[in-house]
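Working notes, beginning with the structure itself.
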Amino acid sequence: MQIAFSVLMFVLGAAFGSFLCCQARRLHLRDTKKQKLGNRSICLHCKKQLKWYDNIPIISWLLLRGKCRNCHRKIGVAEFLSELLCALAFLAISTTINIEKATPLEWGIFAVIIIFTITMCFLAIYDGLYGELPSLLLYLAIAISIMVVILRQISVLVSGGSSWEPTIAALIGGAILGGLYLILYLVSKGKWVGDGDWLLALSVGLALGSPWLAIIALFIANFSATIIMFPTVKKKGNHQLHFGPFLVFAFVITFTFANILESML
């Protein structure tokens with residue numbers, strides 16, 4: 001059952017990745033007033049409506065070799081990466097719950113984490129494509145992360161405990177991640193990180209619910225960003241990194257292996 005559940009989550013993640021990438025493009029085109037897309041998916045080059053069998057996440061892109069069936073122009077690799085990485089994110093998150101032993105409250109927390117992951121994936125895709133983080137989605141991410149904190153605290157109280165440690169730990173984690181990125185933004189006057197990165201980092205810190213996990217996520221995000229983006233930054237002479245995708249990557253990795261990481265501390 002657990003394996004079947006993980007496979008289902010992988011497929012669901014791929015579908016969300018396709019949907020979120022499409023919506024990211026729609027939102028950007030609408031906000032920049034460059035173009036308005038219809039309700040159906042089309043090729044951005046020839047404007048032909050895509051058939052349903054050309055919209056199967058991951059599989060269609062591979063079968064078509066990343067090209068439009070009609071005009072044979074290349075379909076951006078962003079679509080494929082969005083589908084694959086969102087699928088892997090859902091798969092990773094699915095391993096954090098035992099579907100046969102989970103309580104209703106644990107299922108509730110898991111559901112909210114999935115919603116948080118969907119929001120994170122959209123922000124990662126948008127930031128990766130356009131170097132921006134929509135403010136409304138950032139505030140939504142923070143609201144969802146606060147909901148996670150509340151549910152964890154309720155879980156402790158329901159089990160008979162009276163400690164407020166989950167809430168305190170989450171607030172410290174959020175302060176560590178969000179505070180550091182806010183300092184970097186203010187000190188560099190926006191040259192090193194964007195004005196939305198600290199809000200995204202704040203939501204990640206709250207959702208992880210631990211100052212130690214926040215520090216680990218901070219290391220993963222900055223290390224992966226440096227390794228992957230440094231050649232591009234050096235070539236273009238731009239000093240600002242788009243940390244959105246790396247913060248989301250760090251969240252998924254840290255949350256998935258939270259128990260292992262905390263046992264090592």
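By order of appearance in the structure tokens: chains A, B, ..., then residues from 1 within every chain, and ligands from 1 in the order shown.
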Report task. Can you pull out every residue within 9 Å of Ile113 in chain A, counting only C-alpha atoms, but drop anything in the same chain fewer than 6 positions away, and send it as a PyMOL selection string? Result -> chain A and resi 93+144-145+148+207
For the residues in the current selection, export C-alpha atoms as a CSV table (one decimal), in the first residue's frame.
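Done, and the output landed in result24.csv:
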chain,number,residue,atom,x,y,z
A,93,ILE,CA,7.1,14.0,0.8
A,144,ILE,CA,0.0,27.8,5.1
A,145,SER,CA,3.3,27.4,7.1
A,148,VAL,CA,1.3,23.7,9.9
A,207,ALA,CA,7.1,24.7,8.0
Using only C-alpha atoms, I'd like a table of the residues in range 95-212 of chain A that come within 9 Å of range 74-85 of chain A; for each, show the closest atom pair and its distance in Å rounded to one decimal, ordered by chain and ascending number, as a Markdown table.
| residue | atom | partner | partner_atom | distance |
| --- | --- | --- | --- | --- |
| A:Cys121 | CA | A:Ser82 | CA | 8.1 |
| A:Ile125 | CA | A:Ser82 | CA | 6.8 |
| A:Gly128 | CA | A:Ala78 | CA | 8.5 |
| A:Leu129 | CA | A:Ala78 | CA | 7.6 |
Output N, CA and C atoms of each residue in that selection to a file, as a PDB file, in the first residue's frame.
ATOM      1  N   CYS A 121       6.326  24.851  -5.075  1.00  0.00           N
ATOM      2  CA  CYS A 121       6.692  24.477  -6.439  1.00  0.00           C
ATOM      3  C   CYS A 121       6.345  25.592  -7.427  1.00  0.00           C
ATOM      4  N   ILE A 125       9.071  27.544  -9.708  1.00  0.00           N
ATOM      5  CA  ILE A 125       8.952  27.597 -11.166  1.00  0.00           C
ATOM      6  C   ILE A 125       8.943  29.038 -11.647  1.00  0.00           C
ATOM      7  N   GLY A 128      12.336  30.579 -11.171  1.00  0.00           N
ATOM      8  CA  GLY A 128      13.281  30.006 -12.118  1.00  0.00           C
ATOM      9  C   GLY A 128      13.101  30.550 -13.523  1.00  0.00           C
ATOM     10  N   LEU A 129      11.852  30.806 -13.902  1.00  0.00           N
ATOM     11  CA  LEU A 129      11.570  31.301 -15.245  1.00  0.00           C
ATOM     12  C   LEU A 129      11.814  32.805 -15.384  1.00  0.00           C
TER      13      LEU A 129
END
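Between CA of Leu208 in chain A and CA of Ala258 in chain A there is a distance of 8.3 Å.
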Report task. Name all residues at most 8 Å from Val252 in chain A (count only C-alpha atoms; drop same-chain ones fewer than 3 positions away) and give them as an NGL selection string. Result -> :A and (89 or 92-93 or 248-249 or 255-256)
Could you write those residues out with C-alpha atoms, as a compact mmCIF listing (two decimals), in the first residue's frame?
# COMPACT_ATOMS: atom_id res chain seq x y z
CA ALA A 89 9.04 16.36 -4.55
CA ALA A 92 9.77 12.42 -1.35
CA ILE A 93 7.06 14.00 0.82
CA VAL A 248 12.26 24.89 -2.19
CA PHE A 249 14.77 22.13 -2.96
CA PHE A 255 11.62 17.81 5.49
CA THR A 256 11.89 14.36 3.91
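If you measure from each of A:Cys86, A:Ile59, A:Leu64, A:Ala124 to Gly13 in chain A using only C-alpha atoms, the closest one turns out to be A:Cys86.
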Skip range 169-179 of chain A itself and residues of its chain fewer than 6 positions away, then list as a compact mmCIF listing (two decimals) with N, CA and C atoms, in the first residue's frame all residues within 12 Å of it, counting only C-alpha atoms.
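The file below, out-v7.txt, is the result:
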# COMPACT_ATOMS: atom_id res chain seq x y z
N ILE A 142 3.35 31.74 3.63
CA ILE A 142 3.53 32.01 5.05
C ILE A 142 2.29 31.60 5.84
N SER A 145 2.25 27.85 6.15
CA SER A 145 3.26 27.38 7.09
C SER A 145 2.83 27.63 8.54
N ILE A 146 2.13 28.73 8.78
CA ILE A 146 1.59 29.00 10.12
C ILE A 146 0.54 27.96 10.48
N MET A 147 -0.25 27.54 9.49
CA MET A 147 -1.25 26.50 9.73
C MET A 147 -0.57 25.18 10.13
N VAL A 148 0.57 24.89 9.50
CA VAL A 148 1.33 23.69 9.86
C VAL A 148 1.78 23.76 11.32
N VAL A 149 2.28 24.94 11.71
CA VAL A 149 2.73 25.14 13.09
C VAL A 149 1.57 24.93 14.07
N ILE A 150 0.41 25.48 13.75
CA ILE A 150 -0.76 25.36 14.62
C ILE A 150 -1.19 23.90 14.76
N LEU A 151 -1.21 23.17 13.65
CA LEU A 151 -1.62 21.76 13.69
C LEU A 151 -0.64 20.92 14.49
N ARG A 152 0.65 21.21 14.38
CA ARG A 152 1.64 20.48 15.18
C ARG A 152 1.46 20.76 16.67
N GLN A 153 1.14 22.01 17.00
CA GLN A 153 0.91 22.35 18.39
C GLN A 153 -0.34 21.67 18.91
N SER A 163 3.47 21.31 26.46
CA SER A 163 4.62 22.08 26.00
C SER A 163 4.28 22.89 24.75
N TYR A 185 19.46 40.94 2.19
CA TYR A 185 18.75 41.84 1.28
C TYR A 185 19.00 43.30 1.66
N LEU A 186 18.91 43.61 2.96
CA LEU A 186 19.08 44.98 3.42
C LEU A 186 20.52 45.46 3.26
N VAL A 193 20.33 39.17 -2.92
CA VAL A 193 19.08 38.39 -2.93
C VAL A 193 17.92 39.33 -3.20
N ASP A 195 13.87 40.80 -2.88
CA ASP A 195 13.08 41.22 -1.72
C ASP A 195 12.07 40.16 -1.29
N GLY A 196 11.83 39.15 -2.14
CA GLY A 196 10.89 38.11 -1.76
C GLY A 196 11.54 36.88 -1.15
N ASP A 197 12.86 36.79 -1.29
CA ASP A 197 13.56 35.60 -0.81
C ASP A 197 13.43 35.41 0.70
N TRP A 198 13.45 36.51 1.45
CA TRP A 198 13.38 36.38 2.90
C TRP A 198 11.98 35.92 3.35
N LEU A 199 10.95 36.32 2.61
CA LEU A 199 9.60 35.86 2.93
C LEU A 199 9.46 34.36 2.64
N LEU A 200 10.04 33.93 1.53
CA LEU A 200 10.03 32.52 1.19
C LEU A 200 10.80 31.71 2.23
N ALA A 201 11.96 32.23 2.63
CA ALA A 201 12.78 31.56 3.64
C ALA A 201 12.05 31.50 4.98
N LEU A 202 11.32 32.55 5.32
CA LEU A 202 10.55 32.57 6.56
C LEU A 202 9.52 31.45 6.57
N SER A 203 8.81 31.27 5.46
CA SER A 203 7.79 30.21 5.39
C SER A 203 8.42 28.83 5.48
N VAL A 204 9.59 28.65 4.86
CA VAL A 204 10.28 27.36 4.92
C VAL A 204 10.70 27.05 6.36
N GLY A 205 11.25 28.05 7.05
CA GLY A 205 11.68 27.86 8.43
C GLY A 205 10.53 27.49 9.34
N LEU A 206 9.39 28.14 9.15
CA LEU A 206 8.21 27.84 9.96
C LEU A 206 7.70 26.43 9.68
N ALA A 207 7.65 26.06 8.41
CA ALA A 207 7.13 24.74 8.04
C ALA A 207 8.03 23.61 8.54
N LEU A 208 9.34 23.83 8.55
CA LEU A 208 10.25 22.80 9.04
C LEU A 208 10.10 22.61 10.55
N GLY A 209 9.79 23.69 11.26
CA GLY A 209 9.47 23.58 12.67
C GLY A 209 10.63 23.30 13.59
N SER A 210 11.85 23.58 13.16
CA SER A 210 13.02 23.31 13.99
C SER A 210 14.16 24.24 13.61
N PRO A 211 14.80 24.87 14.59
CA PRO A 211 15.95 25.74 14.27
C PRO A 211 17.09 24.96 13.65
N TRP A 212 17.30 23.70 14.08
CA TRP A 212 18.38 22.90 13.52
C TRP A 212 18.10 22.54 12.07
N LEU A 213 16.86 22.17 11.78
CA LEU A 213 16.49 21.87 10.40
C LEU A 213 16.56 23.12 9.54
N ALA A 214 16.25 24.27 10.13
CA ALA A 214 16.35 25.53 9.39
C ALA A 214 17.80 25.81 8.99
N ILE A 215 18.72 25.54 9.90
CA ILE A 215 20.15 25.75 9.61
C ILE A 215 20.62 24.79 8.52
N ILE A 216 20.17 23.54 8.60
CA ILE A 216 20.53 22.56 7.57
C ILE A 216 19.97 22.98 6.21
N ALA A 217 18.71 23.44 6.20
CA ALA A 217 18.10 23.90 4.95
C ALA A 217 18.85 25.10 4.40
N LEU A 218 19.29 25.97 5.29
CA LEU A 218 20.07 27.14 4.87
C LEU A 218 21.36 26.71 4.16
N PHE A 219 22.03 25.72 4.74
CA PHE A 219 23.26 25.22 4.13
C PHE A 219 22.98 24.58 2.77
N ILE A 220 21.94 23.74 2.69
CA ILE A 220 21.62 23.06 1.44
C ILE A 220 21.27 24.07 0.35
N ALA A 221 20.44 25.07 0.70
CA ALA A 221 20.01 26.07 -0.28
C ALA A 221 21.20 26.86 -0.81
N ASN A 222 22.04 27.34 0.09
CA ASN A 222 23.16 28.17 -0.34
C ASN A 222 24.24 27.36 -1.06
N LEU A 247 15.73 27.22 -2.29
CA LEU A 247 15.06 27.16 -0.99
C LEU A 247 13.99 26.07 -0.98
N ALA A 250 15.77 22.77 -0.85
CA ALA A 250 16.26 22.55 0.52
C ALA A 250 15.13 22.13 1.45
N PHE A 251 13.95 22.73 1.28
CA PHE A 251 12.80 22.35 2.11
C PHE A 251 12.43 20.89 1.90
Requested in this report: Per DSSP on the backbone, filter range 23-259 of chain A down to the residues in alpha helix (DSSP H) and report them as a PyMOL selection string.
Outcome: chain A and resi 23-32+59-63+77-94+104-130+135-158+165-188+197-208+211-236+244-256+258-259
